[in-house]
$ cat query15.csv   # CSV, C-alpha atoms
chain,number,residue,atom,x,y,z
B,1,MET,CA,-12.5,25.7,-102.2
B,2,ALA,CA,-12.4,26.4,-98.5
B,3,PRO,CA,-9.0,27.5,-97.1
B,4,ALA,CA,-6.8,24.9,-95.7
B,5,ARG,CA,-6.7,24.5,-91.9
B,6,ARG,CA,-3.7,23.7,-89.8
B,7,VAL,CA,-4.0,20.8,-87.5
B,8,LEU,CA,-1.2,19.6,-85.2
B,9,VAL,CA,-0.4,16.0,-84.7
B,10,ASP,CA,-2.2,15.9,-81.4
B,11,GLY,CA,-5.4,17.2,-83.1
B,12,SER,CA,-5.3,20.7,-81.7
B,13,CYS,CA,-5.7,23.8,-83.9
B,14,PRO,CA,-3.3,26.8,-83.5
B,15,GLN,CA,-5.2,29.9,-82.6
B,16,THR,CA,-2.6,32.5,-83.6
B,17,SER,CA,0.4,32.8,-85.9
B,18,GLN,CA,2.7,32.6,-82.9
B,19,ASP,CA,1.6,29.0,-82.3
B,20,GLN,CA,3.4,28.0,-85.5
B,21,LEU,CA,6.7,28.7,-83.6
B,22,ARG,CA,5.8,26.6,-80.6
B,23,PRO,CA,7.1,23.0,-80.6
B,24,ARG,CA,3.7,21.5,-79.9
B,25,GLY,CA,3.7,19.1,-82.8
B,26,LEU,CA,6.3,18.0,-85.2
B,27,VAL,CA,4.1,17.6,-88.3
B,28,MET,CA,1.1,19.6,-89.5
B,29,LEU,CA,-1.5,18.1,-91.8
B,30,GLU,CA,-3.4,20.1,-94.4
B,31,LEU,CA,-7.1,19.5,-94.4
B,32,ALA,CA,-9.2,21.1,-97.1
B,33,PRO,CA,-12.7,19.9,-98.2
B,34,GLY,CA,-12.5,18.0,-101.5
B,35,ALA,CA,-8.7,17.7,-101.4
B,36,PRO,CA,-7.7,14.5,-99.5
B,37,ARG,CA,-3.9,14.8,-100.1
B,38,GLY,CA,-2.1,11.5,-99.9
B,39,PHE,CA,-5.3,9.5,-100.5
B,40,ARG,CA,-4.0,7.9,-103.7
B,41,ALA,CA,-0.7,7.1,-102.1
B,42,ARG,CA,-2.7,5.5,-99.3
B,43,LEU,CA,-4.7,3.4,-101.8
B,44,ALA,CA,-1.4,2.2,-103.2
B,45,VAL,CA,-0.7,0.2,-100.0
B,46,VAL,CA,-4.0,-1.6,-99.9
B,47,PRO,CA,-2.9,-4.6,-102.0
B,48,VAL,CA,0.3,-4.7,-100.0
B,49,SER,CA,-1.7,-5.1,-96.8
B,50,GLY,CA,-2.7,-8.5,-98.0
B,51,LEU,CA,0.8,-9.7,-97.3
B,52,LYS,CA,0.1,-9.7,-93.6
B,53,GLU,CA,-2.7,-12.3,-93.4
B,54,PRO,CA,-1.1,-15.1,-95.4
B,55,SER,CA,1.7,-15.1,-92.8
B,56,TRP,CA,-0.9,-15.4,-90.1
B,57,TRP,CA,-3.0,-18.1,-91.8
B,58,GLY,CA,-0.8,-21.0,-90.9
B,59,LYS,CA,-0.3,-20.1,-87.2
B,60,PRO,CA,-1.5,-22.7,-84.8
B,61,GLY,CA,-4.9,-21.8,-83.6
B,62,ALA,CA,-5.6,-19.4,-86.4
B,63,LYS,CA,-7.9,-21.8,-88.2
B,64,GLY,CA,-10.3,-22.4,-85.4
B,65,ARG,CA,-8.2,-24.7,-83.3
B,66,ALA,CA,-8.2,-23.9,-79.6
B,67,GLY,CA,-5.0,-23.1,-77.9
B,68,HIS,CA,-3.4,-19.7,-77.2
B,69,VAL,CA,0.3,-19.7,-78.2
B,70,PRO,CA,1.7,-16.2,-77.5
B,71,ALA,CA,5.2,-16.8,-79.0
B,72,SER,CA,3.7,-18.2,-82.2
B,73,ALA,CA,1.3,-15.2,-82.5
B,74,GLY,CA,4.2,-12.8,-82.0
B,75,ALA,CA,6.4,-14.6,-84.5
B,76,ALA,CA,3.6,-14.5,-87.1
B,77,GLY,CA,3.2,-10.8,-86.6
B,78,CYS,CA,6.9,-10.2,-87.0
B,79,VAL,CA,7.1,-12.1,-90.3
B,80,ALA,CA,4.1,-10.4,-91.7
B,81,THR,CA,5.5,-7.0,-90.8
B,82,LEU,CA,8.9,-7.7,-92.6
B,83,LEU,CA,7.0,-8.6,-95.8
B,84,HIS,CA,4.5,-5.7,-95.5
B,85,ASP,CA,6.8,-2.9,-94.7
B,86,ALA,CA,9.4,-3.6,-97.4
B,87,ALA,CA,6.7,-2.7,-100.0
B,88,MET,CA,4.8,-0.1,-98.0
B,89,ASN,CA,7.6,2.2,-96.9
B,90,PRO,CA,7.9,4.3,-100.1
B,91,ALA,CA,4.1,4.8,-100.3
B,92,GLU,CA,4.1,5.9,-96.6
B,93,VAL,CA,6.8,8.5,-97.3
B,94,VAL,CA,4.8,10.0,-100.3
B,95,LYS,CA,1.6,10.0,-98.3
B,96,GLN,CA,3.1,11.9,-95.3
B,97,ARG,CA,4.9,14.4,-97.5
B,98,MET,CA,1.7,15.2,-99.4
B,99,GLN,CA,-0.2,15.7,-96.1
B,100,MET,CA,2.2,18.1,-94.6
B,101,TYR,CA,1.1,21.7,-94.1
B,102,ASN,CA,1.8,23.8,-97.2
B,103,SER,CA,3.0,20.7,-99.1
B,104,PRO,CA,4.1,21.7,-102.6
B,105,TYR,CA,2.9,18.5,-104.1
B,106,GLN,CA,-0.5,18.2,-105.8
B,107,ARG,CA,-0.1,14.7,-107.2
B,108,VAL,CA,1.6,11.5,-106.2
B,109,THR,CA,3.8,11.5,-109.3
B,110,ASP,CA,5.0,15.0,-108.5
B,111,CYS,CA,6.1,14.0,-105.0
B,112,VAL,CA,7.8,10.8,-106.2
B,113,ARG,CA,9.8,12.6,-108.9
B,114,ALA,CA,10.8,15.5,-106.5
B,115,VAL,CA,12.0,13.2,-103.7
B,116,TRP,CA,13.9,11.0,-106.2
B,117,ARG,CA,15.6,14.0,-107.8
B,118,ASN,CA,16.4,16.0,-104.7
B,119,GLU,CA,17.2,13.3,-102.2
B,120,GLY,CA,17.7,10.1,-104.1
B,121,ALA,CA,16.2,6.6,-103.9
B,122,GLY,CA,17.4,6.2,-100.3
B,123,ALA,CA,14.9,8.8,-99.1
B,124,PHE,CA,12.1,6.3,-99.7
B,125,TYR,CA,13.7,4.0,-97.2
B,126,ARG,CA,15.2,6.5,-94.7
B,127,SER,CA,12.7,5.5,-92.1
B,128,TYR,CA,12.6,1.7,-93.0
B,129,THR,CA,14.6,0.5,-90.0
B,130,THR,CA,12.5,2.8,-87.7
B,131,GLN,CA,9.4,1.5,-89.4
B,132,LEU,CA,10.4,-2.0,-88.6
B,133,THR,CA,11.4,-1.1,-85.1
B,134,MET,CA,8.0,0.3,-84.6
B,135,ASN,CA,5.8,-2.2,-86.6
B,136,ILE,CA,7.5,-5.4,-85.4
B,137,PRO,CA,6.5,-4.7,-81.7
B,138,PHE,CA,3.2,-3.2,-82.9
B,139,GLN,CA,2.2,-6.3,-84.8
B,140,ALA,CA,3.6,-8.6,-82.1
B,141,ILE,CA,1.5,-6.8,-79.4
B,142,HIS,CA,-1.4,-6.6,-81.8
B,143,PHE,CA,-1.5,-10.3,-82.7
B,144,MET,CA,-0.8,-11.5,-79.1
B,145,THR,CA,-3.5,-9.2,-77.7
B,146,TYR,CA,-6.0,-10.4,-80.3
B,147,GLU,CA,-5.2,-14.0,-79.6
B,148,PHE,CA,-5.5,-13.5,-75.9
B,149,LEU,CA,-8.9,-11.7,-76.2
B,150,GLN,CA,-10.1,-14.4,-78.6
B,151,GLU,CA,-9.2,-17.0,-76.0
B,152,GLN,CA,-11.3,-15.2,-73.4
B,153,LEU,CA,-14.2,-14.1,-75.6
B,154,ASN,CA,-14.3,-16.9,-78.1
B,155,PRO,CA,-12.5,-20.0,-76.7
B,156,HIS,CA,-14.0,-22.4,-79.2
B,157,ARG,CA,-12.8,-20.2,-82.1
B,158,GLN,CA,-16.1,-20.2,-83.9
B,159,TYR,CA,-17.0,-17.4,-86.3
B,160,ASN,CA,-18.3,-14.8,-83.9
B,161,PRO,CA,-18.4,-11.2,-85.5
B,162,GLY,CA,-18.9,-9.5,-82.1
B,163,SER,CA,-15.8,-11.1,-80.5
B,164,HIS,CA,-13.7,-10.3,-83.6
B,165,VAL,CA,-14.7,-6.6,-83.6
B,166,VAL,CA,-14.0,-6.2,-79.8
B,167,SER,CA,-10.8,-8.2,-79.9
B,168,GLY,CA,-9.6,-6.4,-83.0
B,169,ALA,CA,-10.4,-2.9,-81.7
B,170,CYS,CA,-8.8,-3.5,-78.3
B,171,ALA,CA,-5.7,-5.2,-79.8
B,172,GLY,CA,-5.2,-2.2,-82.1
B,173,ALA,CA,-5.6,0.3,-79.2
B,174,VAL,CA,-3.1,-1.4,-77.0
B,175,ALA,CA,-0.5,-1.8,-79.7
B,176,ALA,CA,-1.0,1.8,-81.0
B,177,ALA,CA,-0.5,3.4,-77.5
B,178,ALA,CA,2.6,1.3,-76.8
B,179,THR,CA,4.3,2.2,-80.0
B,180,THR,CA,3.4,5.9,-80.3
B,181,PRO,CA,7.0,7.2,-79.5
B,182,LEU,CA,8.3,5.1,-82.4
B,183,ASP,CA,5.6,6.4,-84.7
B,184,VAL,CA,6.5,10.0,-83.9
B,185,CYS,CA,10.1,9.4,-84.8
B,186,LYS,CA,9.2,7.5,-88.0
B,187,THR,CA,7.0,10.4,-89.1
B,188,LEU,CA,9.8,12.9,-88.5
B,189,LEU,CA,12.2,10.8,-90.6
B,190,ASN,CA,9.7,10.6,-93.4
B,191,THR,CA,8.8,14.3,-93.5
B,192,GLN,CA,12.0,16.0,-92.4
B,193,GLU,CA,9.8,18.7,-90.9
B,194,SER,CA,11.3,22.2,-91.0
B,195,LEU,CA,10.7,23.0,-87.3
B,196,ALA,CA,12.9,20.0,-86.4
B,197,LEU,CA,15.5,20.6,-89.1
B,198,SER,CA,16.0,24.2,-87.8
B,199,SER,CA,17.5,22.8,-84.7
B,200,ILE,CA,20.1,20.7,-86.5
B,201,SER,CA,22.2,20.8,-89.7
B,202,GLY,CA,21.4,18.5,-92.6
B,203,HIS,CA,18.8,15.7,-92.8
B,204,ILE,CA,17.6,13.7,-89.8
B,205,THR,CA,18.8,10.1,-90.3
B,206,GLY,CA,18.4,7.1,-88.1
B,207,MET,CA,16.2,6.3,-85.2
B,208,ALA,CA,18.7,7.6,-82.5
B,209,ASN,CA,18.9,10.9,-84.3
B,210,ALA,CA,15.2,11.1,-84.6
B,211,PHE,CA,14.7,10.4,-80.8
B,212,ARG,CA,17.2,13.1,-79.9
B,213,THR,CA,15.6,15.6,-82.2
B,214,VAL,CA,12.1,14.9,-80.9
B,215,TYR,CA,13.3,15.4,-77.3
B,216,GLN,CA,15.1,18.7,-78.3
B,217,VAL,CA,12.0,20.1,-79.9
B,218,GLY,CA,9.3,19.1,-77.5
B,219,GLY,CA,10.7,17.2,-74.5
B,220,LEU,CA,9.4,13.9,-73.2
B,221,THR,CA,5.8,14.7,-73.9
B,222,ALA,CA,6.5,15.1,-77.6
B,223,TYR,CA,7.0,11.3,-77.8
B,224,PHE,CA,3.3,10.9,-77.1
B,225,ARG,CA,1.9,13.7,-79.2
B,226,GLY,CA,-1.1,12.4,-81.1
B,227,VAL,CA,-1.5,9.2,-79.0
B,228,GLN,CA,-5.2,9.7,-78.7
B,229,ALA,CA,-5.6,10.3,-82.5
B,230,ARG,CA,-3.5,7.2,-83.2
B,231,VAL,CA,-5.5,5.0,-80.9
B,232,ILE,CA,-8.8,6.4,-82.3
B,233,TYR,CA,-7.5,5.7,-85.8
B,234,GLN,CA,-6.3,2.2,-85.1
B,235,MET,CA,-9.3,0.9,-83.2
B,236,PRO,CA,-11.8,0.9,-86.1
B,237,SER,CA,-9.0,0.0,-88.5
B,238,THR,CA,-8.0,-3.2,-86.8
B,239,ALA,CA,-11.6,-4.0,-85.8
B,240,ILE,CA,-12.7,-3.8,-89.5
B,241,ALA,CA,-9.5,-5.6,-90.7
B,242,TRP,CA,-10.0,-8.6,-88.3
B,243,SER,CA,-13.8,-8.7,-89.0
B,244,VAL,CA,-13.3,-8.9,-92.7
B,245,TYR,CA,-10.5,-11.3,-92.4
B,246,GLU,CA,-12.4,-13.7,-90.1
B,247,PHE,CA,-15.5,-13.4,-92.3
B,248,PHE,CA,-13.7,-14.5,-95.5
B,249,LYS,CA,-11.7,-17.1,-93.6
B,250,TYR,CA,-15.0,-18.6,-92.4
B,251,ILE,CA,-16.6,-18.5,-95.9
B,252,LEU,CA,-13.5,-20.0,-97.6
B,253,THR,CA,-13.1,-22.7,-94.9
B,254,LYS,CA,-16.8,-23.6,-95.1
B,255,ARG,CA,-16.6,-24.0,-98.9
B,256,GLN,CA,-13.5,-26.2,-98.6
B,257,GLU,CA,-15.3,-28.4,-96.1
B,258,GLU,CA,-18.4,-28.6,-98.3
B,259,ARG,CA,-16.2,-29.7,-101.3
B,260,ARG,CA,-14.5,-32.4,-99.2
B,261,ALA,CA,-17.8,-33.6,-98.0
B,262,GLY,CA,-19.2,-33.8,-101.5
B,263,LYS,CA,-16.3,-36.0,-102.8

$ encode --input "query15.csv" --output "structure tokens"
Amino acid sequence: MAPARRVLVDGSCPQTSQDQLRPRGLVMLELAPGAPRGFRARLAVVPVSGLKEPSWWGKPGAKGRAGHVPASAGAAGCVATLLHDAAMNPAEVVKQRMQMYNSPYQRVTDCVRAVWRNEGAGAFYRSYTTQLTMNIPFQAIHFMTYEFLQEQLNPHRQYNPGSHVVSGACAGAVAAAATTPLDVCKTLLNTQESLALSSISGHITGMANAFRTVYQVGGLTAYFRGVQARVIYQMPSTAIAWSVYEFFKYILTKRQEERRAGK
């Protein structure tokens, strides 16, 4: 197996051992061919992601009816996030700890047992309030931007794959960029990274503490470390998610209409 390679949050690779001491990124990921650490933990959240769309389905305008209602779109995104994050947070903690550089965990079960034994059940929800603080505005911006773009690109709300892809990608990019500082703090709370812990005593708890620690370690620019990678990740993710969602919504709605017409 090829040796692991260190990659900072912002996507850069340290050139010398001295770079490890520089506060250029709070979390390091381990990349090794054939060893996608955290992949199984990531798969665990796939069924949970389905909680988002039922909350969105009943929103005015979401079934093809014209009319852009920003407040309704934002409210739908907030409700979906509350349901989604309650189940997703523990899996996110496990995934990020397995992806840290020199992570001691080889399996999901090993990580879960170690965290439970050493830090207690509360460790799985240490970043929950920060996750909500990040994801509620993320989803609100995401849904409102998608609705706005659909109103411009697809005003009649017909099934239009091209408009769904463009609207989804742009909505994800805007929301990701706007909430990157919160994501940096959430990641720090989940991983309790050693570089940050060396500047304080004990664990990092709470969003305010995380914000102060990020500033102490890297200054203002640290809040936007990895913003490009986050946007690049979110754009295809949200484009695919909205495209698949709109496709199945179209198919299911069409079948329902055909059944009604046949009665």

$ residues_around --input "query15.csv" --residues "region 215-224 of chain B" --least-positions-apart "3" --cutoff "6 Å" --atoms "all atoms listed in the file" --output "PDB file with C-alpha atoms, in the frame of the given file"
ATOM      1  CA  PRO B  23       7.100  23.000 -80.600  1.00  0.00           C
ATOM      2  CA  THR B 180       3.400   5.900 -80.300  1.00  0.00           C
ATOM      3  CA  PRO B 181       7.000   7.200 -79.500  1.00  0.00           C
ATOM      4  CA  ARG B 212      17.200  13.100 -79.900  1.00  0.00           C
ATOM      5  CA  VAL B 227      -1.500   9.200 -79.000  1.00  0.00           C
TER       6      VAL B 227
END

$ atom_distance --input "query15.csv" --atom1 "CA of Gln192 (chain B)" --atom2 "CA of Pro236 (chain B)"
28.9 Å

$ closest_atom_pairs --input "query15.csv" --of "region 149-207 of chain B" --to "region 123-136 of chain B" --cutoff "8 Å" --atoms "only C-alpha atoms" --output "CSV"
residue,atom,partner,partner_atom,distance
B:Thr179,CA,B:Met134,CA,6.2
B:Leu182,CA,B:Met134,CA,5.3
B:Asp183,CA,B:Met134,CA,6.6
B:Cys185,CA,B:Thr130,CA,7.6
B:Lys186,CA,B:Ser127,CA,5.7
B:Leu189,CA,B:Ser127,CA,5.5
B:Asn190,CA,B:Ser127,CA,6.1
B:Thr205,CA,B:Arg126,CA,6.7
B:Gly206,CA,B:Ser127,CA,7.1
B:Met207,CA,B:Thr130,CA,5.7

$ atom_distance --input "query15.csv" --atom1 "CA of Trp242 (chain B)" --atom2 "CA of Gly168 (chain B)"
5.8 Å

$ closest_residue --input "query15.csv" --among "B:Glu119, B:Arg230, B:Gly262, B:Ala171" --to "His203 (chain B)" --atoms "only C-alpha atoms"
B:Glu119
